Structure formats: structure tokens, C-alpha cells
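File shown here: target38.txt, holding compact mmCIF, C-alpha atoms.
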# COMPACT_ATOMS: atom_id res chain seq x y z
CA MET A 1 1.24 42.26 18.29
CA SER A 2 4.99 42.63 17.98
CA ALA A 3 6.81 42.94 14.68
CA ALA A 4 8.27 39.43 15.15
CA ASP A 5 4.81 37.98 15.71
CA ARG A 6 3.50 39.69 12.58
CA ARG A 7 6.40 38.32 10.55
CA ARG A 8 5.71 34.80 11.84
CA GLU A 9 2.02 35.17 11.01
CA ASP A 10 2.87 36.33 7.50
CA VAL A 11 5.25 33.39 7.05
CA VAL A 12 2.58 30.93 8.22
CA GLN A 13 -0.05 32.35 5.87
CA ALA A 14 2.37 32.36 2.95
CA HIS A 15 3.24 28.70 3.48
CA MET A 16 -0.23 27.28 4.16
CA PRO A 17 -0.40 25.97 0.56
CA LEU A 18 2.69 23.90 1.40
CA VAL A 19 0.66 22.02 4.02
CA GLY A 20 -2.10 21.37 1.50
CA HIS A 21 0.44 20.06 -0.99
CA LEU A 22 2.04 17.69 1.53
CA VAL A 23 -1.36 16.41 2.67
CA ARG A 24 -2.47 15.76 -0.92
CA GLU A 25 0.80 13.97 -1.57
CA MET A 26 0.33 11.80 1.52
CA LEU A 27 -3.31 10.98 0.74
CA THR A 28 -2.18 9.23 -2.46
CA ARG A 29 -0.21 6.75 -0.31
CA VAL A 30 -2.53 5.98 2.59
CA PRO A 31 -5.85 4.08 2.93
CA ALA A 32 -9.04 5.84 1.85
CA HIS A 33 -10.40 5.97 5.43
CA VAL A 34 -7.72 8.48 6.50
CA ASN A 35 -9.44 11.83 7.06
CA ARG A 36 -8.05 14.78 5.08
CA ASP A 37 -9.19 17.38 7.62
CA ASP A 38 -7.38 15.58 10.45
CA LEU A 39 -4.15 15.64 8.47
CA LEU A 40 -4.62 19.31 7.56
CA SER A 41 -5.15 20.26 11.22
CA ALA A 42 -1.98 18.42 12.25
CA GLY A 43 -0.07 20.00 9.37
CA TYR A 44 -1.16 23.55 10.13
CA ALA A 45 -0.27 23.14 13.80
CA ALA A 46 3.19 21.89 12.79
CA LEU A 47 3.58 24.88 10.44
CA VAL A 48 2.90 27.29 13.30
CA HIS A 49 5.42 25.52 15.55
CA ALA A 50 7.96 25.58 12.70
CA ALA A 51 7.52 29.34 12.31
CA ARG A 52 8.13 29.83 16.03
CA GLY A 53 11.25 27.67 16.05
CA TYR A 54 12.80 28.81 12.78
CA ASP A 55 16.20 30.47 12.83
CA ASP A 56 17.23 31.92 9.47
CA ALA A 57 20.83 32.17 10.71
CA ARG A 58 21.17 28.44 10.06
CA GLY A 59 20.95 29.07 6.32
CA VAL A 60 18.13 26.58 5.75
CA PRO A 61 15.19 27.90 3.68
CA PHE A 62 12.01 28.09 5.74
CA ALA A 63 10.05 25.99 3.23
CA ARG A 64 12.47 23.08 3.63
CA PHE A 65 12.56 23.48 7.41
CA ALA A 66 8.77 23.60 7.65
CA ALA A 67 8.23 20.71 5.23
CA ALA A 68 10.29 18.40 7.44
CA ARG A 69 8.29 19.43 10.52
CA VAL A 70 4.95 19.06 8.74
CA ARG A 71 5.83 15.61 7.38
CA GLY A 72 6.80 14.51 10.87
CA ALA A 73 3.51 15.75 12.27
CA LEU A 74 1.54 13.98 9.54
CA LEU A 75 3.34 10.72 10.30
CA ASP A 76 2.56 11.16 14.00
CA GLU A 77 -1.09 11.65 13.07
CA LEU A 78 -1.02 8.47 11.00
CA ARG A 79 0.54 6.56 13.88
CA GLY A 80 -2.44 7.55 15.97
CA LEU A 81 -4.77 6.26 13.24
CA ASP A 82 -2.90 2.98 12.82
CA TRP A 83 -5.49 0.87 14.63
CA ALA A 84 -4.30 -2.51 13.35
CA SER A 85 -3.16 -4.24 16.53
CA ARG A 86 -0.22 -6.55 16.89
CA SER A 87 -2.66 -9.47 17.18
CA VAL A 88 -4.23 -8.54 13.82
CA ARG A 89 -0.81 -8.57 12.19
CA GLN A 90 0.06 -11.90 13.81
CA ARG A 91 -3.20 -13.45 12.55
CA ALA A 92 -2.42 -12.15 9.08
CA ARG A 93 0.99 -13.82 9.11
CA ARG A 94 -0.43 -17.12 10.40
CA THR A 95 -3.16 -17.11 7.77
CA ASP A 96 -0.69 -16.37 4.98
CA THR A 97 1.64 -19.13 6.18
CA ALA A 98 -1.23 -21.61 6.25
CA ARG A 99 -2.28 -20.65 2.71
CA GLN A 100 1.26 -21.08 1.41
CA GLN A 101 1.55 -24.52 3.01
CA LEU A 102 -1.77 -25.64 1.55
CA ILE A 103 -0.86 -24.35 -1.90
CA ALA A 104 2.30 -26.48 -1.79
CA GLU A 105 0.39 -29.54 -0.55
CA LEU A 106 -2.74 -29.29 -2.71
CA GLY A 107 -1.26 -27.80 -5.88
CA ARG A 108 -4.01 -25.16 -5.97
CA MET A 109 -5.36 -22.19 -4.07
CA PRO A 110 -7.05 -23.51 -0.89
CA THR A 111 -10.61 -22.63 0.05
CA VAL A 112 -11.39 -20.53 3.10
CA ARG A 113 -12.70 -23.67 4.80
CA GLU A 114 -9.41 -25.50 4.21
CA VAL A 115 -7.43 -22.60 5.64
CA ALA A 116 -9.75 -22.47 8.65
CA ASP A 117 -9.36 -26.21 9.23
CA ARG A 118 -5.58 -25.90 9.07
CA LEU A 119 -5.63 -23.14 11.69
CA GLY A 120 -8.29 -24.80 13.81
CA CYS A 121 -10.76 -21.94 13.61
CA SER A 122 -14.03 -21.12 11.87
CA VAL A 123 -14.57 -19.76 8.37
CA GLU A 124 -16.01 -16.61 9.94
CA ASP A 125 -12.78 -16.09 11.90
CA ILE A 126 -10.74 -16.22 8.68
CA GLU A 127 -13.09 -13.85 6.85
CA HIS A 128 -13.14 -11.39 9.75
CA ALA A 129 -9.36 -11.51 9.99
CA ASP A 130 -9.04 -10.91 6.25
CA ASP A 131 -11.37 -7.93 6.48
CA ASP A 132 -9.38 -6.49 9.40
CA VAL A 133 -6.18 -6.86 7.43
CA GLN A 134 -7.63 -5.29 4.29
CA ARG A 135 -8.73 -2.22 6.21
CA ALA A 136 -5.13 -1.71 7.31
CA VAL A 137 -3.48 -2.81 4.08
CA VAL A 138 -1.68 -0.39 1.88
CA PHE A 139 -0.35 -1.70 -1.42
CA SER A 140 3.17 -2.23 -0.27
CA LEU A 141 5.73 -2.65 -3.01
CA GLN A 142 7.71 -4.77 -0.57
CA GLY A 143 5.17 -7.60 -0.81
CA PHE A 144 1.71 -6.28 0.09
CA ALA A 145 2.18 -6.92 3.79
CA THR A 146 0.15 -5.16 6.47
CA VAL A 147 2.20 -2.12 7.38
CA GLY A 148 2.33 0.53 10.03
CA ALA A 149 2.24 4.28 9.69
CA ASP A 150 6.01 4.58 9.19
CA ASP A 151 5.73 2.44 6.06
CA MET A 152 2.67 4.16 4.65
CA VAL A 153 4.50 7.09 3.16
CA THR A 154 7.50 7.04 0.90
CA GLU A 155 9.92 9.70 2.08
CA PRO A 156 9.36 12.57 -0.38
CA SER A 157 12.93 13.77 0.07
CA ALA A 158 14.43 10.49 -1.11
CA GLY A 159 17.46 10.85 -3.31
CA PRO A 160 17.41 10.37 -7.09
CA GLU A 161 18.45 6.70 -6.85
CA GLU A 162 15.75 5.81 -4.30
CA LEU A 163 13.11 7.68 -6.29
CA LEU A 164 14.10 5.90 -9.49
CA ILE A 165 13.85 2.50 -7.76
CA ARG A 166 10.43 3.37 -6.37
CA ARG A 167 9.19 4.49 -9.79
CA GLU A 168 10.37 1.22 -11.30
CA ARG A 169 8.51 -0.72 -8.59
CA VAL A 170 5.30 1.18 -9.29
CA GLY A 171 5.70 0.28 -12.96
CA TYR A 172 6.20 -3.39 -12.10
CA LEU A 173 3.12 -3.26 -9.88
CA ARG A 174 0.95 -1.94 -12.70
CA ASP A 175 2.34 -4.56 -15.10
CA ALA A 176 1.69 -7.27 -12.51
CA ILE A 177 -1.94 -6.15 -12.10
CA ASP A 178 -2.46 -5.98 -15.88
CA ALA A 179 -1.05 -9.52 -16.24
CA LEU A 180 -3.44 -11.05 -13.67
CA PRO A 181 -6.12 -13.46 -14.92
CA GLU A 182 -9.29 -11.57 -15.77
CA ARG A 183 -11.28 -12.39 -12.63
CA LEU A 184 -8.42 -11.68 -10.26
CA ARG A 185 -7.73 -8.40 -12.04
CA ALA A 186 -11.40 -7.41 -11.76
CA VAL A 187 -11.36 -8.08 -8.01
CA VAL A 188 -8.15 -6.08 -7.44
CA GLN A 189 -9.31 -3.12 -9.50
CA GLY A 190 -12.84 -3.14 -8.08
CA TYR A 191 -11.90 -3.63 -4.43
CA PHE A 192 -8.69 -1.60 -4.09
CA PHE A 193 -8.80 1.04 -6.81
CA GLU A 194 -12.52 1.66 -7.27
CA GLU A 195 -13.34 0.86 -3.60
CA ARG A 196 -16.52 -0.97 -4.50
CA PRO A 197 -18.26 -3.14 -1.88
CA MET A 198 -17.41 -6.82 -2.00
CA ALA A 199 -21.10 -7.65 -2.40
CA ARG A 200 -21.25 -5.58 -5.61
CA ILE A 201 -18.15 -7.27 -7.02
CA ALA A 202 -19.59 -10.68 -6.16
CA GLU A 203 -22.83 -9.80 -7.95
CA GLU A 204 -21.01 -8.67 -11.08
CA LEU A 205 -18.88 -11.82 -11.17
CA GLY A 206 -21.80 -14.10 -10.36
CA VAL A 207 -20.13 -15.60 -7.29
CA THR A 208 -20.48 -15.42 -3.51
CA GLU A 209 -18.75 -12.84 -1.29
CA SER A 210 -16.74 -15.69 0.22
CA ARG A 211 -15.44 -16.54 -3.26
CA VAL A 212 -14.50 -12.89 -3.87
CA SER A 213 -12.55 -12.95 -0.60
CA GLN A 214 -10.73 -16.06 -1.80
CA LEU A 215 -9.99 -14.46 -5.19
CA ARG A 216 -8.68 -11.36 -3.43
CA ALA A 217 -6.29 -13.44 -1.32
CA GLU A 218 -5.16 -15.37 -4.40
CA ALA A 219 -4.54 -12.14 -6.32
CA LEU A 220 -2.48 -10.60 -3.52
CA THR A 221 -0.38 -13.74 -3.24
CA LEU A 222 0.29 -13.71 -6.98
CA LEU A 223 1.11 -10.00 -7.00
CA ARG A 224 3.45 -10.30 -4.05
CA ASP A 225 5.32 -13.29 -5.44
CA GLY A 226 5.32 -11.85 -8.95
CA LEU A 227 6.89 -8.58 -7.83
CA ASN A 228 9.40 -10.34 -5.61
CA THR A 229 10.41 -12.63 -8.49
CA HIS A 230 11.62 -9.58 -10.40
CA LEU A 231 12.61 -7.27 -7.56
CA ASP A 232 13.70 -9.58 -4.73
CA PRO A 233 14.32 -13.13 -6.05
CA ALA A 234 15.69 -14.37 -2.72
CA LEU A 235 12.44 -13.46 -0.95
CA ALA A 236 10.36 -14.94 -3.75
CA ALA A 237 12.19 -18.26 -3.47
CA GLN A 238 10.96 -18.69 0.11
CA ASN A 239 7.31 -18.88 -1.04
CA ARG A 240 7.79 -20.57 -4.41
CA VAL A 241 5.78 -23.69 -5.27
CA LYS A 242 8.38 -26.11 -6.59
CA GLU A 243 6.45 -28.28 -9.05
CA GLY A 244 3.08 -29.16 -10.55
CA CYS A 245 0.55 -27.26 -12.65
CA VAL A 246 0.29 -24.45 -10.12
CA ALA A 247 4.04 -23.89 -10.34
CA ARG A 248 3.87 -23.80 -14.14
CA ARG A 249 0.97 -21.34 -14.17
CA ARG A 250 2.75 -19.10 -11.71
CA ALA A 251 5.98 -19.21 -13.70
CA ALA A 252 4.06 -18.22 -16.83
CA TYR A 253 2.47 -15.32 -14.94
CA TYR A 254 5.86 -14.14 -13.66
CA ASP A 255 7.19 -14.24 -17.24
CA GLN A 256 4.23 -12.16 -18.44
CA ILE A 257 5.05 -9.46 -15.88
CA GLY A 258 8.60 -9.21 -17.19
CA ASN A 259 7.50 -9.21 -20.83
CA ARG A 260 4.84 -6.51 -20.45
CA GLY A 261 7.24 -3.61 -20.27
CA THR A 262 10.70 -2.17 -20.23
CA LEU A 263 12.43 0.12 -17.77
CA SER A 264 11.35 3.09 -19.88
CA SER A 265 7.68 2.08 -19.99
CA ARG A 266 7.62 1.34 -16.26
CA LEU A 267 9.12 4.70 -15.38
CA ALA A 268 6.51 6.34 -17.63
CA ARG A 269 3.82 5.18 -15.16
CA THR A 270 4.98 7.93 -12.80
CA GLY A 271 6.20 11.48 -13.14
CA PRO A 272 9.62 12.80 -12.11
CA ASP A 273 8.20 13.42 -8.63
CA GLY A 274 7.25 9.76 -8.25
CA LEU A 275 3.50 10.35 -8.33
CA THR A 276 1.35 8.12 -10.53
CA VAL A 277 0.57 9.55 -13.95
CA ALA A 278 -3.14 9.47 -14.82
CA ALA A 279 -3.98 6.93 -17.50
Rewrite the coordinates I just gave you, this time as C-alpha cells.
Amino acid sequence: MSAADRRREDVVQAHMPLVGHLVREMLTRVPAHVNRDDLLSAGYAALVHAARGYDDARGVPFARFAAARVRGALLDELRGLDWASRSVRQRARRTDTARQQLIAELGRMPTVREVADRLGCSVEDIEHADDDVQRAVVFSLQGFATVGADDMVTEPSAGPEELLIRRERVGYLRDAIDALPERLRAVVQGYFFEERPMARIAEELGVTESRVSQLRAEALTLLRDGLNTHLDPALAAQNRVKEGCVARRRAAYYDQIGNRGTLSSRLARTGPDGLTVAA
């Protein structure tokens, strides 16, 4: 082995903890089904390639150079895992549009049967589509839409302004969840944060799995519109119910989100690095 090869090997070994750090950071922002070992393998391979292609004459520290290559490799790995097809995303948009139309017409959250009738399909089709979407969903602070791999990870090297905005959004998200009605909050926390089966949540609430699915959809709609009311009012206006008791209840919920915290308390939900602070 040449002296250059030994130096590269030493550099790779010295920076292996960097790969572990970047993988841990990414795992906090992607669905639970993403395999840690797959990401580590992709990251280590990228680290080796970075060591081979590094030129210290450019004046860029190796850690920064390697981190950019590793992040790119991890995103490529996620793209390969992003199984949600275009048709799944299109069904999700059609279902959401139908729900919004029915909310405006009925003045309440529609049942799964009513959504199915509007779309001309069966209840099972709606439930299966919802399940497909939920497997691909990441809590997106842009409105809880189904996203692709590029949107799964917030760029760690974002500038101070972008990081501050993201931290504020995380704070608003937590306030919005805390302000949800009790049953909706229980479904969100149980399904998304505690990853409990829907059947178990239904048993605890004393309802059917179909009802839990409806509550989940209602909660996501409220969270999306609640966040947009405070963070993107123009987007929120597109989905706003104009009048009636549903409109009044939603307006009260949006007010609760705003009243639950301040900029300081919302930023306190995350650390300076943007990662969520343990409760």
C-alpha cells in the first residue's frame, strides 16, 4: 500500500463518525421504515469516494467536503426508497380536493363513504389510498403534503435565517398539535409519534378503525390549515371554509395556535442546530 493510500485510509477511518452523525440527523426527518444500515452503507461508500477525490489545495476542509458528498449520497439512497408513485400522489390530491369540497358543502368533516361517493369509488379504495399516502408522508411544515426524497431532509447547511424560520415552524407545529381537540390529538400522537397500530388506537378510543382513519384525515387538514394561517395566509385562504359553525370552530382553533406561544417559546422547542429538544 502506498503512502497516499494509507493517508486516505486514515482519513476515512477518522471521519467515519461523521457519517454516523449525518445518518442520525437524517433519520430524525424521514419515515420510520427507512433502514439505518442502508443509509450507513451509502454514507461510508460516499466517504471513501470523497477521500479519493479530495484536493487539499482547494483550501476546503475535508470534513466539509466529505459532508456534502455524504449528504448527496444519502439523498440518492432516499430517492431509491421513495416508492410512492405519481399515481399515489395524484390520488392523494384528488381525495384531499374532494374532502375540502364536501367540508364547504356540508359544514362538517365528511365520512369516508361520502368522499368515496364523490370520487365514484369504494370505501376500500379511499382507505387503501390513505394508507399508501401515510406510508410516504413526512410531517411537512409546508402543509403535510406527500413529499419526495428531496423534500424529506432540511438542508443542514442552511443559513442562520433559514434555520431560524425552520425552528419557528417546528414550534408552530407543536403548538398546533397541542391545540387539537383531545381525540384528534390522541390520534396524531399515537399514529405518527408513537407509531402505534391503528387497531390499537381504535380500541383505546372505543371507535372503529375506519373512524380513526377519518379522525386522522381531519387532524391533518386542521394542522395544515392552522399552520398555513400563521405561516402562509395566502395558501390558507384557498382552503378556508367561509361561514357556518365549522368555520367558527376552525377560526377558534387557529386563534388557539397563535395564543399558545411566542417566538421565544417556539424557538425553545429546538436547539441551535434545529433539532427537536426532548420534552
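Atom to atom, CA of Met109 (chain A) and CA of Glu218 (chain A) stand 6.8 Å apart.
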* Neighbours of region 201-217 of chain A within 8 Å (all atoms listed in the file; same-chain residues fewer than 6 positions away dropped), as a PyMOL selection string? -> chain A and resi 111-112+127+130+183-184+187-188+190-191
* To do: Step by step: start from the point (-0.9, -16.3, 4.3) in the file's coordinates, keep every protein, DNA or RNA residue that has an atom no farther than 10 Å from it, count only C-alpha atoms, and write the set as a list in words.
  =>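 Using only C-alpha atoms, the matching residues come out as Arg91, Ala92, Arg93, Arg94, Thr95, Asp96, Thr97, Ala98, Arg99, Gln100, Gln101, Leu102, Val115, Asp130, Ala145, Ala217, Glu218, Leu220 and Thr221 of chain A.
Each of A:Ala129, A:Ile257, A:Ala104, A:Leu163 was compared to Ala179 (chain A) using only C-alpha atoms, and A:Ile257 turns out to be the nearest.
Taking CA of Ile177 (chain A) and CA of Gly107 (chain A) as the two end points, the separation is 22.5 Å.
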* To do: Would you work out the distance separating CA of Glu168 (chain A) from CA of Arg266 (chain A), expressed in Å to one decimal?
  =>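 Straight-line distance from CA of Glu168 (chain A) to CA of Arg266 (chain A) works out to 5.7 Å.
Using only C-alpha atoms, the smallest distance between any of A:Ala176, A:Val23, A:Leu263, A:Ala186 and Arg224 (chain A) comes from A:Ala176.
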